[in-house]
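Everything below belongs to structure-v9.cif, which stores mmCIF, C-alpha atoms.
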```cif
data_my_file
#
loop_
_atom_site.label_atom_id
_atom_site.label_comp_id
_atom_site.auth_asym_id
_atom_site.auth_seq_id
_atom_site.Cartn_x
_atom_site.Cartn_y
_atom_site.Cartn_z
CA MET A 1 89.48 105.03 231.45
CA LYS A 2 87.44 103.04 233.94
CA LEU A 3 83.71 102.45 233.51
CA ALA A 4 81.60 101.01 236.33
CA MET A 5 78.37 99.36 235.21
CA LEU A 6 75.78 99.02 237.96
CA GLY A 7 73.29 96.28 237.25
CA GLY A 8 76.15 94.69 235.33
CA GLY A 9 74.57 91.25 235.46
CA GLY A 10 71.60 92.60 233.53
CA PHE A 11 70.57 91.37 230.12
CA ARG A 12 71.44 94.59 228.26
CA THR A 13 75.04 94.85 229.50
CA PRO A 14 76.46 93.19 226.35
CA LEU A 15 75.00 96.01 224.25
CA VAL A 16 77.20 98.53 226.06
CA TYR A 17 80.25 96.27 225.93
CA GLY A 18 79.73 95.77 222.21
CA ALA A 19 79.82 99.55 221.71
CA LEU A 20 83.03 99.73 223.75
CA LEU A 21 84.61 97.03 221.58
CA ARG A 22 83.92 99.07 218.47
CA ASP A 23 85.58 102.16 219.94
CA ARG A 24 89.25 102.23 218.89
CA HIS A 25 90.16 105.75 219.98
CA GLU A 26 93.40 106.02 221.94
CA ARG A 27 91.45 107.56 224.84
CA ARG A 28 88.77 104.95 225.39
CA VAL A 29 87.40 102.79 228.16
CA ASP A 30 89.93 100.03 228.79
CA GLU A 31 88.64 98.76 232.13
CA VAL A 32 85.06 97.75 232.92
CA TRP A 33 83.77 96.83 236.36
CA LEU A 34 80.43 95.05 236.47
CA HIS A 35 78.54 95.37 239.74
CA ASP A 36 75.46 93.37 240.64
CA VAL A 37 73.93 91.89 243.76
CA ASP A 38 73.57 88.51 242.00
CA GLU A 39 76.83 86.60 241.49
CA GLU A 40 75.25 84.04 239.15
CA ARG A 41 73.96 86.74 236.81
CA LEU A 42 77.38 88.38 236.82
CA ALA A 43 78.99 85.08 235.88
CA ALA A 44 76.50 84.49 233.06
CA ILE A 45 76.97 87.92 231.52
CA GLY A 46 80.73 87.57 232.00
CA ARG A 47 80.61 84.54 229.71
CA VAL A 48 78.78 86.52 227.04
CA LEU A 49 81.30 89.36 227.21
CA ALA A 50 84.25 86.95 227.04
CA GLU A 51 82.88 85.52 223.80
CA MET A 52 82.33 89.01 222.44
CA ALA A 53 85.96 89.91 223.13
CA ASP A 54 87.06 86.65 221.48
CA GLY A 55 90.68 87.01 222.54
CA ASP A 56 91.01 90.62 221.30
CA PRO A 57 94.07 91.98 223.15
CA ASP A 58 92.66 95.50 222.97
CA ALA A 59 89.25 94.59 224.40
CA PRO A 60 88.38 96.38 227.64
CA ARG A 61 89.29 94.24 230.65
CA VAL A 62 86.23 93.04 232.54
CA HIS A 63 86.05 92.65 236.32
CA THR A 64 83.05 91.69 238.41
CA SER A 65 82.13 92.51 241.99
CA THR A 66 79.16 92.45 244.32
CA ASP A 67 80.78 95.21 246.41
CA LEU A 68 79.60 98.63 245.27
CA ASP A 69 82.61 100.67 246.41
CA THR A 70 85.04 98.27 244.75
CA ALA A 71 83.29 98.68 241.43
CA LEU A 72 82.95 102.46 241.74
CA GLU A 73 86.32 103.48 243.15
CA GLY A 74 88.30 105.68 240.78
CA SER A 75 85.78 105.39 237.94
CA ASP A 76 85.71 108.00 235.22
CA PHE A 77 82.15 107.09 234.27
CA VAL A 78 79.37 105.17 236.01
CA PHE A 79 76.60 103.60 233.99
CA SER A 80 73.57 102.81 236.15
CA ALA A 81 70.98 100.31 234.93
CA ILE A 82 69.74 98.70 238.12
CA ARG A 83 66.37 97.07 238.72
CA VAL A 84 65.42 97.19 242.40
CA GLY A 85 63.12 94.28 243.13
CA GLY A 86 64.06 92.48 239.93
CA LEU A 87 61.57 91.37 237.31
CA GLU A 88 59.46 89.90 240.09
CA GLY A 89 58.92 93.47 241.27
CA ARG A 90 58.01 94.54 237.74
CA THR A 91 55.32 91.87 237.49
CA ALA A 92 53.81 93.18 240.73
CA ASP A 93 54.01 96.76 239.39
CA GLU A 94 51.84 95.60 236.52
CA ARG A 95 49.42 93.26 238.29
CA VAL A 96 48.53 95.43 241.27
CA ALA A 97 47.36 98.17 238.89
CA LEU A 98 45.62 95.80 236.47
CA ASP A 99 43.72 94.16 239.34
CA LEU A 100 42.27 97.60 240.09
CA GLY A 101 41.34 98.21 236.44
CA LEU A 102 44.24 100.59 235.80
CA LEU A 103 47.16 100.53 233.38
CA GLY A 104 49.82 98.09 234.50
CA GLN A 105 53.08 99.17 232.86
CA GLU A 106 56.68 99.36 233.99
CA THR A 107 57.33 103.11 233.85
CA THR A 108 54.03 104.76 232.94
CA GLY A 109 51.23 105.17 235.46
CA PRO A 110 51.04 103.60 238.93
CA GLY A 111 53.54 100.85 238.12
CA GLY A 112 56.18 103.46 237.38
CA LEU A 113 55.45 105.21 240.67
CA ALA A 114 55.88 101.98 242.62
CA TYR A 115 59.11 101.35 240.74
CA GLY A 116 60.29 104.85 241.63
CA LEU A 117 59.37 104.54 245.31
CA ARG A 118 61.65 101.54 245.83
CA THR A 119 64.41 102.73 243.49
CA VAL A 120 64.97 106.30 244.70
CA PRO A 121 66.52 105.25 248.06
CA VAL A 122 68.94 102.90 246.31
CA ALA A 123 69.80 105.52 243.69
CA LEU A 124 70.51 108.08 246.41
CA HIS A 125 72.82 105.59 248.15
CA VAL A 126 74.63 105.00 244.87
CA ALA A 127 75.02 108.75 244.36
CA GLU A 128 76.44 109.15 247.85
CA ARG A 129 78.98 106.38 247.25
CA VAL A 130 79.98 107.90 243.91
CA ALA A 131 80.57 111.22 245.68
CA ALA A 132 82.72 109.43 248.26
CA VAL A 133 84.89 107.11 246.12
CA ALA A 134 84.66 108.50 242.56
CA PRO A 135 83.98 112.23 243.00
CA ASP A 136 85.14 113.13 239.48
CA ALA A 137 82.95 110.55 237.76
CA TRP A 138 80.02 111.32 235.50
CA VAL A 139 76.96 109.15 236.06
CA ILE A 140 74.97 108.07 233.01
CA ASN A 141 71.60 106.91 234.27
CA PHE A 142 69.44 104.41 232.43
CA THR A 143 67.69 103.17 235.57
CA ASN A 144 63.93 103.63 235.20
CA PRO A 145 61.89 105.70 235.72
CA ALA A 146 64.85 107.50 234.14
CA GLY A 147 63.77 111.13 234.60
CA MET A 148 62.70 110.65 238.21
CA ILE A 149 65.84 108.71 239.18
CA THR A 150 68.12 111.20 237.43
CA GLU A 151 66.46 114.06 239.33
CA ALA A 152 66.87 112.25 242.65
CA MET A 153 70.56 111.52 242.01
CA GLN A 154 71.20 115.13 240.96
CA SER A 155 70.27 116.22 244.47
CA VAL A 156 73.60 114.65 245.48
CA LEU A 157 75.78 114.85 242.36
CA HIS A 158 74.20 117.86 240.66
CA ASP A 159 74.83 118.17 236.92
CA ARG A 160 77.24 115.22 236.83
CA VAL A 161 74.25 112.89 236.41
CA VAL A 162 72.77 112.61 232.92
CA GLY A 163 69.69 110.50 232.14
CA ILE A 164 69.46 108.66 228.84
CA CYS A 165 66.74 106.88 226.89
CA ASP A 166 66.84 105.47 223.38
CA SER A 167 63.15 106.18 222.69
CA PRO A 168 63.22 109.89 221.69
CA ILE A 169 66.44 109.57 219.71
CA GLY A 170 64.99 106.56 217.90
CA LEU A 171 61.86 108.56 217.07
CA ALA A 172 63.85 111.46 215.59
CA ARG A 173 66.05 109.12 213.57
CA ARG A 174 63.06 107.18 212.25
CA ALA A 175 61.38 110.39 211.17
CA ALA A 176 64.48 111.53 209.30
CA ALA A 177 65.07 108.13 207.70
CA THR A 178 61.43 107.93 206.59
CA LEU A 179 61.89 111.24 204.78
CA GLY A 180 65.14 109.99 203.23
CA ILE A 181 67.36 112.56 204.91
CA ASP A 182 70.51 112.16 206.99
CA PRO A 183 69.60 112.28 210.72
CA ALA A 184 73.02 113.78 211.45
CA ARG A 185 72.10 116.84 209.37
CA THR A 186 68.85 117.55 211.20
CA THR A 187 68.04 119.80 214.13
CA VAL A 188 65.41 118.30 216.40
CA ASP A 189 62.66 120.04 218.34
CA TYR A 190 61.66 117.47 220.95
CA VAL A 191 60.46 118.28 224.44
CA GLY A 192 58.87 116.62 227.46
CA LEU A 193 59.73 114.23 230.25
CA ASN A 194 61.14 110.75 229.99
CA HIS A 195 58.52 108.54 228.27
CA LEU A 196 56.32 111.63 227.89
CA GLY A 197 57.50 113.81 225.01
CA TRP A 198 56.67 115.04 221.53
CA LEU A 199 58.63 115.54 218.31
CA ARG A 200 57.45 119.01 217.30
CA GLY A 201 59.89 119.85 214.53
CA LEU A 202 62.63 118.36 212.36
CA HIS A 203 64.75 120.97 210.63
CA PHE A 204 66.82 120.13 207.57
CA ASP A 205 68.65 122.67 205.40
CA GLY A 206 66.94 125.50 207.25
CA ARG A 207 63.39 124.17 206.84
CA ASP A 208 61.06 122.24 209.14
CA VAL A 209 60.31 119.04 207.22
CA LEU A 210 58.04 117.47 209.85
CA PRO A 211 54.91 118.82 208.07
CA ASP A 212 56.06 116.89 204.98
CA LEU A 213 56.02 113.69 207.00
CA LEU A 214 52.62 114.41 208.53
CA ALA A 215 51.14 115.05 205.08
CA ASP A 216 52.47 111.84 203.49
CA ASP A 217 50.12 108.88 204.11
CA ALA A 218 52.59 106.18 203.08
CA ALA A 219 55.54 107.65 204.94
CA LEU A 220 53.66 108.26 208.17
CA ALA A 221 52.01 104.83 208.05
CA SER A 222 55.42 103.19 207.68
CA MET A 223 56.63 104.61 210.98
CA GLU A 224 56.13 102.80 214.28
CA GLU A 225 54.40 105.87 215.70
CA GLY A 226 52.02 106.15 212.76
CA GLN A 227 50.99 102.55 213.34
CA LEU A 228 50.64 103.01 217.10
CA PHE A 229 48.58 106.19 217.14
CA GLY A 230 46.95 106.15 213.72
CA LEU A 231 47.46 108.81 211.06
CA ASP A 232 44.38 110.80 212.01
CA TRP A 233 45.39 111.26 215.66
CA VAL A 234 48.99 112.19 214.82
CA ARG A 235 47.70 114.81 212.39
CA THR A 236 45.17 116.03 214.94
CA LEU A 237 48.02 116.67 217.37
CA GLY A 238 50.25 118.15 214.68
CA VAL A 239 53.28 116.50 216.30
CA VAL A 240 54.62 112.96 216.60
CA PRO A 241 54.23 111.62 220.15
CA ASN A 242 56.75 109.42 221.90
CA GLU A 243 55.52 105.82 221.75
CA TYR A 244 54.83 105.77 225.52
CA LEU A 245 52.13 108.39 225.09
CA TYR A 246 50.03 105.55 223.69
CA TYR A 247 49.28 104.71 227.31
CA TYR A 248 47.83 108.20 227.88
CA TYR A 249 45.98 108.67 224.60
CA PHE A 250 44.66 105.09 224.32
CA THR A 251 44.46 104.06 227.96
CA ARG A 252 41.37 101.84 227.76
CA ASP A 253 42.71 100.13 224.63
CA ALA A 254 46.03 99.42 226.34
CA VAL A 255 44.41 98.08 229.54
CA ARG A 256 42.05 95.89 227.50
CA SER A 257 44.89 94.48 225.41
CA ILE A 258 47.20 93.83 228.37
CA THR A 259 44.40 92.22 230.40
CA ALA A 260 43.43 89.94 227.52
CA ALA A 261 47.00 88.71 226.99
CA PRO A 262 48.11 85.48 228.66
CA GLN A 263 51.03 87.32 230.31
CA THR A 264 52.03 90.86 231.09
CA ARG A 265 55.26 92.13 229.59
CA GLY A 266 57.00 91.68 232.93
CA GLU A 267 55.80 88.09 233.28
CA TYR A 268 56.99 87.32 229.76
CA LEU A 269 60.43 88.77 230.42
CA LEU A 270 60.67 87.03 233.79
CA ASP A 271 60.05 83.65 232.18
CA GLN A 272 62.38 84.41 229.28
CA GLN A 273 65.26 85.65 231.40
CA GLN A 274 64.96 82.90 233.97
CA GLY A 275 65.37 80.49 231.09
CA PHE A 276 68.33 82.41 229.68
CA TYR A 277 70.26 82.62 232.94
CA ALA A 278 69.44 79.01 233.82
CA SER A 279 70.75 77.92 230.43
CA LEU A 280 74.06 79.69 230.95
CA ARG A 281 74.27 78.51 234.54
CA SER A 282 74.13 74.91 233.32
CA GLY A 283 76.78 75.44 230.67
CA GLY A 284 74.79 76.99 227.86
CA PRO A 285 72.98 75.62 224.82
CA SER A 286 76.13 73.85 223.62
CA GLY A 287 76.69 72.21 226.99
CA PRO A 288 79.55 72.57 229.49
CA GLY A 289 82.64 74.15 228.05
CA GLY A 290 81.58 77.74 227.65
CA SER A 291 80.75 78.31 223.98
CA GLY A 292 77.36 79.43 222.74
CA ALA A 293 76.58 82.03 225.41
CA LEU A 294 76.76 84.93 222.96
CA ALA A 295 74.58 83.18 220.38
CA GLU A 296 71.99 82.37 223.03
CA TRP A 297 72.02 85.95 224.31
CA ASP A 298 71.54 87.30 220.79
CA ARG A 299 68.69 84.91 220.07
CA VAL A 300 66.86 85.93 223.25
CA ARG A 301 67.56 89.62 222.56
CA MET A 302 65.93 89.47 219.12
CA GLU A 303 62.92 87.63 220.53
CA ARG A 304 62.60 90.20 223.30
CA ASN A 305 62.84 93.17 220.93
CA ALA A 306 60.30 91.74 218.50
CA THR A 307 57.64 91.61 221.23
CA TYR A 308 58.27 95.14 222.58
CA MET A 309 54.98 97.07 223.15
CA GLN A 310 53.06 94.17 221.62
CA GLU A 311 49.89 95.33 223.38
CA ALA A 312 49.84 98.45 221.20
CA ARG A 313 49.87 96.59 217.88
CA GLY A 314 47.34 94.43 216.12
CA GLU A 315 47.78 90.68 215.91
CA ASP A 316 49.14 90.87 212.36
CA GLU A 317 51.35 93.92 212.89
CA GLU A 318 55.07 93.34 213.28
CA ARG A 319 57.82 95.70 214.35
CA ASP A 320 60.00 97.19 211.66
CA GLU A 321 63.17 95.15 211.13
CA ALA A 322 65.38 98.12 212.05
CA ASP A 323 63.54 98.46 215.35
CA VAL A 324 63.82 94.73 216.04
CA GLN A 325 67.57 94.91 215.58
CA GLY A 326 67.31 97.36 218.43
CA GLY A 327 70.13 98.95 220.30
CA GLY A 328 70.54 102.67 220.58
CA TYR A 329 70.99 103.58 224.22
CA GLU A 330 74.47 102.05 224.27
CA GLY A 331 75.43 104.40 221.44
CA VAL A 332 74.06 107.33 223.42
CA ALA A 333 76.14 106.34 226.43
CA LEU A 334 79.30 106.03 224.32
CA ALA A 335 78.65 109.40 222.64
CA ILE A 336 78.32 111.10 226.03
CA MET A 337 81.57 109.56 227.25
CA ALA A 338 83.40 110.53 224.04
CA ALA A 339 82.10 114.10 224.19
CA ILE A 340 83.10 114.64 227.81
CA SER A 341 86.40 112.75 227.89
CA ARG A 342 87.91 113.59 224.51
CA GLY A 343 86.14 116.64 223.13
CA GLU A 344 83.94 115.04 220.46
CA PRO A 345 80.78 117.19 220.60
CA ALA A 346 77.50 115.31 220.24
CA GLU A 347 73.88 116.32 219.67
CA LEU A 348 71.64 114.10 221.81
CA ILE A 349 68.23 114.08 223.48
CA LEU A 350 68.93 113.71 227.20
CA ASN A 351 67.40 114.01 230.65
CA VAL A 352 68.88 117.15 232.20
CA ARG A 353 67.86 120.02 234.46
CA SER A 354 65.39 122.35 232.77
CA ARG A 355 67.03 125.65 233.75
CA GLY A 356 64.17 127.48 232.04
CA THR A 357 64.03 125.25 228.97
CA VAL A 358 60.46 124.29 229.84
CA PRO A 359 58.72 127.34 231.34
CA GLY A 360 56.25 126.23 233.97
CA LEU A 361 58.64 123.75 235.58
CA PRO A 362 61.18 124.43 238.34
CA ASP A 363 64.70 125.08 237.08
CA ASP A 364 65.98 121.91 238.79
CA ALA A 365 63.25 119.69 237.33
CA VAL A 366 64.68 117.10 234.97
CA VAL A 367 63.27 117.25 231.44
CA GLU A 368 64.02 115.36 228.23
CA VAL A 369 65.28 117.75 225.55
CA PRO A 370 67.92 118.08 222.80
CA CYS A 371 71.36 118.95 224.14
CA THR A 372 74.84 119.70 222.93
CA VAL A 373 77.37 117.66 224.88
CA ASP A 374 81.05 118.59 225.12
CA ALA A 375 83.83 118.45 227.70
CA SER A 376 81.78 120.52 230.15
CA GLY A 377 78.78 118.19 229.91
CA PRO A 378 75.34 118.60 228.33
CA ARG A 379 73.71 121.97 227.59
CA PRO A 380 70.03 122.00 226.62
CA HIS A 381 69.05 123.83 223.44
CA PRO A 382 66.73 126.83 223.62
CA LEU A 383 63.27 125.64 222.57
CA PRO A 384 59.88 127.18 221.84
CA PRO A 385 57.65 127.01 224.94
CA LEU A 386 55.59 123.92 225.57
CA THR A 387 51.89 124.83 225.43
CA GLY A 388 48.38 123.47 225.67
CA HIS A 389 47.56 119.96 226.84
CA ALA A 390 51.22 118.90 226.55
CA LEU A 391 52.35 121.50 229.08
CA GLY A 392 49.53 120.57 231.42
CA LEU A 393 50.36 116.89 231.22
CA VAL A 394 54.08 117.50 231.77
CA GLU A 395 53.42 119.77 234.76
CA GLN A 396 51.08 117.24 236.34
CA VAL A 397 53.38 114.25 235.87
CA LYS A 398 56.42 116.22 237.06
CA ALA A 399 54.54 117.20 240.23
CA VAL A 400 53.76 113.52 240.79
CA GLU A 401 57.41 112.52 240.24
CA ARG A 402 58.57 115.03 242.83
CA LEU A 403 56.03 113.72 245.33
CA VAL A 404 57.39 110.20 244.78
CA ILE A 405 60.94 111.41 245.42
CA ALA A 406 59.79 113.14 248.61
CA ALA A 407 57.91 110.04 249.79
CA ALA A 408 60.90 107.80 249.08
CA ARG A 409 63.21 110.13 250.99
CA THR A 410 61.03 110.55 254.09
CA GLY A 411 58.80 107.48 254.16
CA SER A 412 55.72 109.70 253.99
CA GLU A 413 52.61 107.67 253.19
CA ARG A 414 50.71 110.93 252.72
CA ASP A 415 53.05 112.03 249.90
CA ALA A 416 52.85 108.59 248.30
CA VAL A 417 49.04 108.51 248.31
CA GLN A 418 49.00 112.03 246.90
CA ALA A 419 51.38 110.99 244.12
CA PHE A 420 49.18 108.05 243.09
CA ALA A 421 45.96 110.10 243.39
CA LEU A 422 47.24 112.98 241.26
CA HIS A 423 48.62 110.85 238.42
CA PRO A 424 46.55 111.32 235.24
CA LEU A 425 46.08 107.55 234.88
CA VAL A 426 44.62 107.07 238.39
CA ASP A 427 40.96 108.08 238.70
CA SER A 428 40.23 107.97 242.43
CA VAL A 429 41.81 108.83 245.77
CA THR A 430 40.30 105.61 247.13
CA VAL A 431 42.06 103.64 244.39
CA ALA A 432 45.30 105.52 245.13
CA ARG A 433 45.18 104.23 248.70
CA GLU A 434 44.47 100.72 247.44
CA LEU A 435 47.42 100.95 245.05
CA LEU A 436 49.84 101.88 247.82
CA ALA A 437 48.50 99.10 250.07
CA GLY A 438 48.76 96.61 247.21
CA TYR A 439 52.32 97.53 246.32
CA ARG A 440 53.38 97.41 249.95
CA SER A 441 51.93 93.95 250.38
CA ARG A 442 53.41 92.59 247.14
CA ILE A 443 56.85 94.23 247.02
CA PRO A 444 59.01 94.18 250.17
CA ALA A 445 61.25 96.97 248.85
CA VAL A 446 58.25 99.31 248.61
CA ASP A 447 57.08 98.45 252.10
CA ALA A 448 60.59 99.07 253.44
CA VAL A 449 60.39 102.71 252.30
CA PHE A 450 57.53 103.36 254.72
CA ALA A 451 58.90 101.18 257.49
CA ARG A 452 61.68 103.78 257.72
CA GLY A 453 59.11 106.51 258.13
CA ARG A 454 57.43 104.95 261.18
#
```
Whole structure, structure tokens version:
Amino acid sequence: MKLAMLGGGGFRTPLVYGALLRDRHERRVDEVWLHDVDEERLAAIGRVLAEMADGDPDAPRVHTSTDLDTALEGSDFVFSAIRVGGLEGRTADERVALDLGLLGQETTGPGGLAYGLRTVPVALHVAERVAAVAPDAWVINFTNPAGMITEAMQSVLHDRVVGICDSPIGLARRAAATLGIDPARTTVDYVGLNHLGWLRGLHFDGRDVLPDLLADDAALASMEEGQLFGLDWVRTLGVVPNEYLYYYYFTRDAVRSITAAPQTRGEYLLDQQQGFYASLRSGGPSGPGGSGALAEWDRVRMERNATYMQEARGEDEERDEADVQGGGYEGVALAIMAAISRGEPAELILNVRSRGTVPGLPDDAVVEVPCTVDASGPRPHPLPPLTGHALGLVEQVKAVERLVIAAARTGSERDAVQAFALHPLVDSVTVARELLAGYRSRIPAVDAVFARGR
């Protein structure tokens, strides 16, 4: 089978390739095409993958290309993890909002809307090219904002686009492991949007054991989410929130912490990755000759993971070792491919069309819910209705996402201002207009969206 990886020069590509190397099924991916707009990044990641394969004759063959159609043509699966505007764009996503006293974060709040505005047109182009040169392919989308981009691509490719995120699956697995039960034997009640969901139930042997976790001080405090939100707030909610809800429930705390830090997360990653790619471009830490690329990548990966969501933790708090080891989304991608291509059913939390799963949202709105995946693709589980503040928040953010998609399609400044103004983390229409002006002045790819509309 052929897998095309878009954004193939990205830092997380080796995680997916590592999962492919571990797959020894007779019907597996044996050909990987990496696509990126940056030839130097492709070359650097190619070195890392070559060391990972280490001469294994059964390792998937790796090809690289800066031509999209070449990479896509005849693919069975397409994995999309692109970053339009690069990390430079991410730093602007953060700083424009922070300069106006708002949350500056990659996917949550105004930064995520700016990211979506410039990414939707590219994602739609990708979807159109998939339809033209790989019409039977399934697209696995990890491009952020994952729910919004998945929904935009589904307007072209329909249900053959599935959005993935490691965050909700990691939450469910952590909860099960904390209780000392096998995650594979649990049934999960999780519902929401990407980076905006709640673990409402965890069923094991016919019983919901989530109340046991909520009642246990030591167990709850040992979880990342217990540390982020505090035991009292988690118990007040009666559910365990996805870690990204920290930015909604503790907005002022997050803004204060990010503003006080010497760098935003995007600025940190920009510096780190510039150093990583420069190192490999010059021959790597062991000098010219090619060895050491994998070790350098792994060192940088661990450093990157250890500082994830640092603004939400105290100075003396460290991430759990299992979380630092990271990974997860590559396993989700492999499980989807195995379920569809060779009939190995999987239970996963995915971004799919609601089709009534979340009453109050349009049927074609993409939500993040547990699914069974088999040869016909993912099918969302029936779930109890979402209610109260959670439903209101989901409805509001989904309306904003759909306004962003509309603005990106048409170049409508009116839709874009409305999207910023109606987001729960933006407190003024005046500020919404300032956000759009700021993003247009700082990020050429955002400005280009509206240049088309003139």
Carefully work through the PyMOL selection byres ((chain A and resi 131-144) around 6) for this structure and note down the residues it includes, as a list of chain:residue names.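 On the file shown, the PyMOL selection byres ((chain A and resi 131-144) around 6) covers A:Glu73, A:Gly74, A:Ser75, A:Asp76, A:Phe77, A:Val78, A:Phe79, A:Ser80, A:Ala81, A:Ile82, A:Glu128, A:Arg129, A:Val130, A:Pro145, A:Ala146, A:Arg160, A:Val161, A:Val162, A:Gly163, A:Ile164.
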Test item: the PyMOL selection byres ((chain A and resi 375-382) around 12) resolved as an MDAnalysis selection string: chainID A and resid 137:140 158:164 187:191 335:359 366:374 383:386
For those residues, write C-alpha atoms to a file as a PDB file, in the frame of the given file.
```
ATOM      1  CA  ALA A 137      82.950 110.550 237.760  1.00  0.00           C
ATOM      2  CA  TRP A 138      80.020 111.320 235.500  1.00  0.00           C
ATOM      3  CA  VAL A 139      76.960 109.150 236.060  1.00  0.00           C
ATOM      4  CA  ILE A 140      74.970 108.070 233.010  1.00  0.00           C
ATOM      5  CA  HIS A 158      74.200 117.860 240.660  1.00  0.00           C
ATOM      6  CA  ASP A 159      74.830 118.170 236.920  1.00  0.00           C
ATOM      7  CA  ARG A 160      77.240 115.220 236.830  1.00  0.00           C
ATOM      8  CA  VAL A 161      74.250 112.890 236.410  1.00  0.00           C
ATOM      9  CA  VAL A 162      72.770 112.610 232.920  1.00  0.00           C
ATOM     10  CA  GLY A 163      69.690 110.500 232.140  1.00  0.00           C
ATOM     11  CA  ILE A 164      69.460 108.660 228.840  1.00  0.00           C
ATOM     12  CA  THR A 187      68.040 119.800 214.130  1.00  0.00           C
ATOM     13  CA  VAL A 188      65.410 118.300 216.400  1.00  0.00           C
ATOM     14  CA  ASP A 189      62.660 120.040 218.340  1.00  0.00           C
ATOM     15  CA  TYR A 190      61.660 117.470 220.950  1.00  0.00           C
ATOM     16  CA  VAL A 191      60.460 118.280 224.440  1.00  0.00           C
ATOM     17  CA  ALA A 335      78.650 109.400 222.640  1.00  0.00           C
ATOM     18  CA  ILE A 336      78.320 111.100 226.030  1.00  0.00           C
ATOM     19  CA  MET A 337      81.570 109.560 227.250  1.00  0.00           C
ATOM     20  CA  ALA A 338      83.400 110.530 224.040  1.00  0.00           C
ATOM     21  CA  ALA A 339      82.100 114.100 224.190  1.00  0.00           C
ATOM     22  CA  ILE A 340      83.100 114.640 227.810  1.00  0.00           C
ATOM     23  CA  SER A 341      86.400 112.750 227.890  1.00  0.00           C
ATOM     24  CA  ARG A 342      87.910 113.590 224.510  1.00  0.00           C
ATOM     25  CA  GLY A 343      86.140 116.640 223.130  1.00  0.00           C
ATOM     26  CA  GLU A 344      83.940 115.040 220.460  1.00  0.00           C
ATOM     27  CA  PRO A 345      80.780 117.190 220.600  1.00  0.00           C
ATOM     28  CA  ALA A 346      77.500 115.310 220.240  1.00  0.00           C
ATOM     29  CA  GLU A 347      73.880 116.320 219.670  1.00  0.00           C
ATOM     30  CA  LEU A 348      71.640 114.100 221.810  1.00  0.00           C
ATOM     31  CA  ILE A 349      68.230 114.080 223.480  1.00  0.00           C
ATOM     32  CA  LEU A 350      68.930 113.710 227.200  1.00  0.00           C
ATOM     33  CA  ASN A 351      67.400 114.010 230.650  1.00  0.00           C
ATOM     34  CA  VAL A 352      68.880 117.150 232.200  1.00  0.00           C
ATOM     35  CA  ARG A 353      67.860 120.020 234.460  1.00  0.00           C
ATOM     36  CA  SER A 354      65.390 122.350 232.770  1.00  0.00           C
ATOM     37  CA  ARG A 355      67.030 125.650 233.750  1.00  0.00           C
ATOM     38  CA  GLY A 356      64.170 127.480 232.040  1.00  0.00           C
ATOM     39  CA  THR A 357      64.030 125.250 228.970  1.00  0.00           C
ATOM     40  CA  VAL A 358      60.460 124.290 229.840  1.00  0.00           C
ATOM     41  CA  PRO A 359      58.720 127.340 231.340  1.00  0.00           C
ATOM     42  CA  VAL A 366      64.680 117.100 234.970  1.00  0.00           C
ATOM     43  CA  VAL A 367      63.270 117.250 231.440  1.00  0.00           C
ATOM     44  CA  GLU A 368      64.020 115.360 228.230  1.00  0.00           C
ATOM     45  CA  VAL A 369      65.280 117.750 225.550  1.00  0.00           C
ATOM     46  CA  PRO A 370      67.920 118.080 222.800  1.00  0.00           C
ATOM     47  CA  CYS A 371      71.360 118.950 224.140  1.00  0.00           C
ATOM     48  CA  THR A 372      74.840 119.700 222.930  1.00  0.00           C
ATOM     49  CA  VAL A 373      77.370 117.660 224.880  1.00  0.00           C
ATOM     50  CA  ASP A 374      81.050 118.590 225.120  1.00  0.00           C
ATOM     51  CA  LEU A 383      63.270 125.640 222.570  1.00  0.00           C
ATOM     52  CA  PRO A 384      59.880 127.180 221.840  1.00  0.00           C
ATOM     53  CA  PRO A 385      57.650 127.010 224.940  1.00  0.00           C
ATOM     54  CA  LEU A 386      55.590 123.920 225.570  1.00  0.00           C
TER      55      LEU A 386
END
```
Take CA of Ala172 (chain A) and CA of Leu231 (chain A) and report the distance between them in Å, one decimal.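 Calculated distance between CA of Ala172 (chain A) and CA of Leu231 (chain A) is 17.2 Å.
Distance check against Leu49 (chain A) using all atoms listed in the file: of A:Asp298, A:Asp216, A:Asp232, A:Glu413, the minimum falls on A:Asp298.
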In Å, with one decimal, what is the gap from CA of Arg281 (chain A) to CA of Asp54 (chain A)?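 It comes out at 20.0 Å.
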Could you give me, as a tab-separated table, every region 99-151 of chain A residue with an atom at most 8 Å from region 430-445 of chain A, plus its closest atom pair and distance in Å to one decimal, counting all atoms listed in the file, rows ordered by chain then number?
```
residue	atom	partner	partner_atom	distance
A:Leu100	CA	A:Val431	CA	7.4
A:Pro110	CA	A:Leu435	CA	7.6
A:Ala114	CA	A:Tyr439	CA	6.8
A:Arg118	CA	A:Ala445	CA	5.5
```
Spell out the residues picked by the PyMOL selection byres ((chain A and resi 40) around 12) here, as a ChimeraX atom specification. /A:8-10,35-39,41-47,64-66,274,276-282
List every residue of region 47-141 of chain A that has an atom at most 12 Å from any atom of region 249-259 of chain A, and for each one report the closest atom pair and its distance in Å to one decimal, counting all atoms listed in the file, with rows sorted by chain and then by increasing residue number, as CSV.
```
residue,atom,partner,partner_atom,distance
A:Glu94,CA,A:Ile258,CA,9.5
A:Arg95,CA,A:Thr259,CA,9.4
A:Ala97,CA,A:Val255,CA,9.8
A:Leu98,CA,A:Thr259,CA,7.2
A:Asp99,CA,A:Thr259,CA,9.2
A:Leu100,CA,A:Val255,CA,10.8
A:Gly101,CA,A:Val255,CA,7.6
A:Leu102,CA,A:Val255,CA,6.7
A:Leu103,CA,A:Val255,CA,5.3
A:Gly104,CA,A:Val255,CA,7.3
A:Gln105,CA,A:Ile258,CA,9.1
A:Thr108,CA,A:Thr251,CA,10.8
A:Gly109,CA,A:Thr251,CA,10.2
```
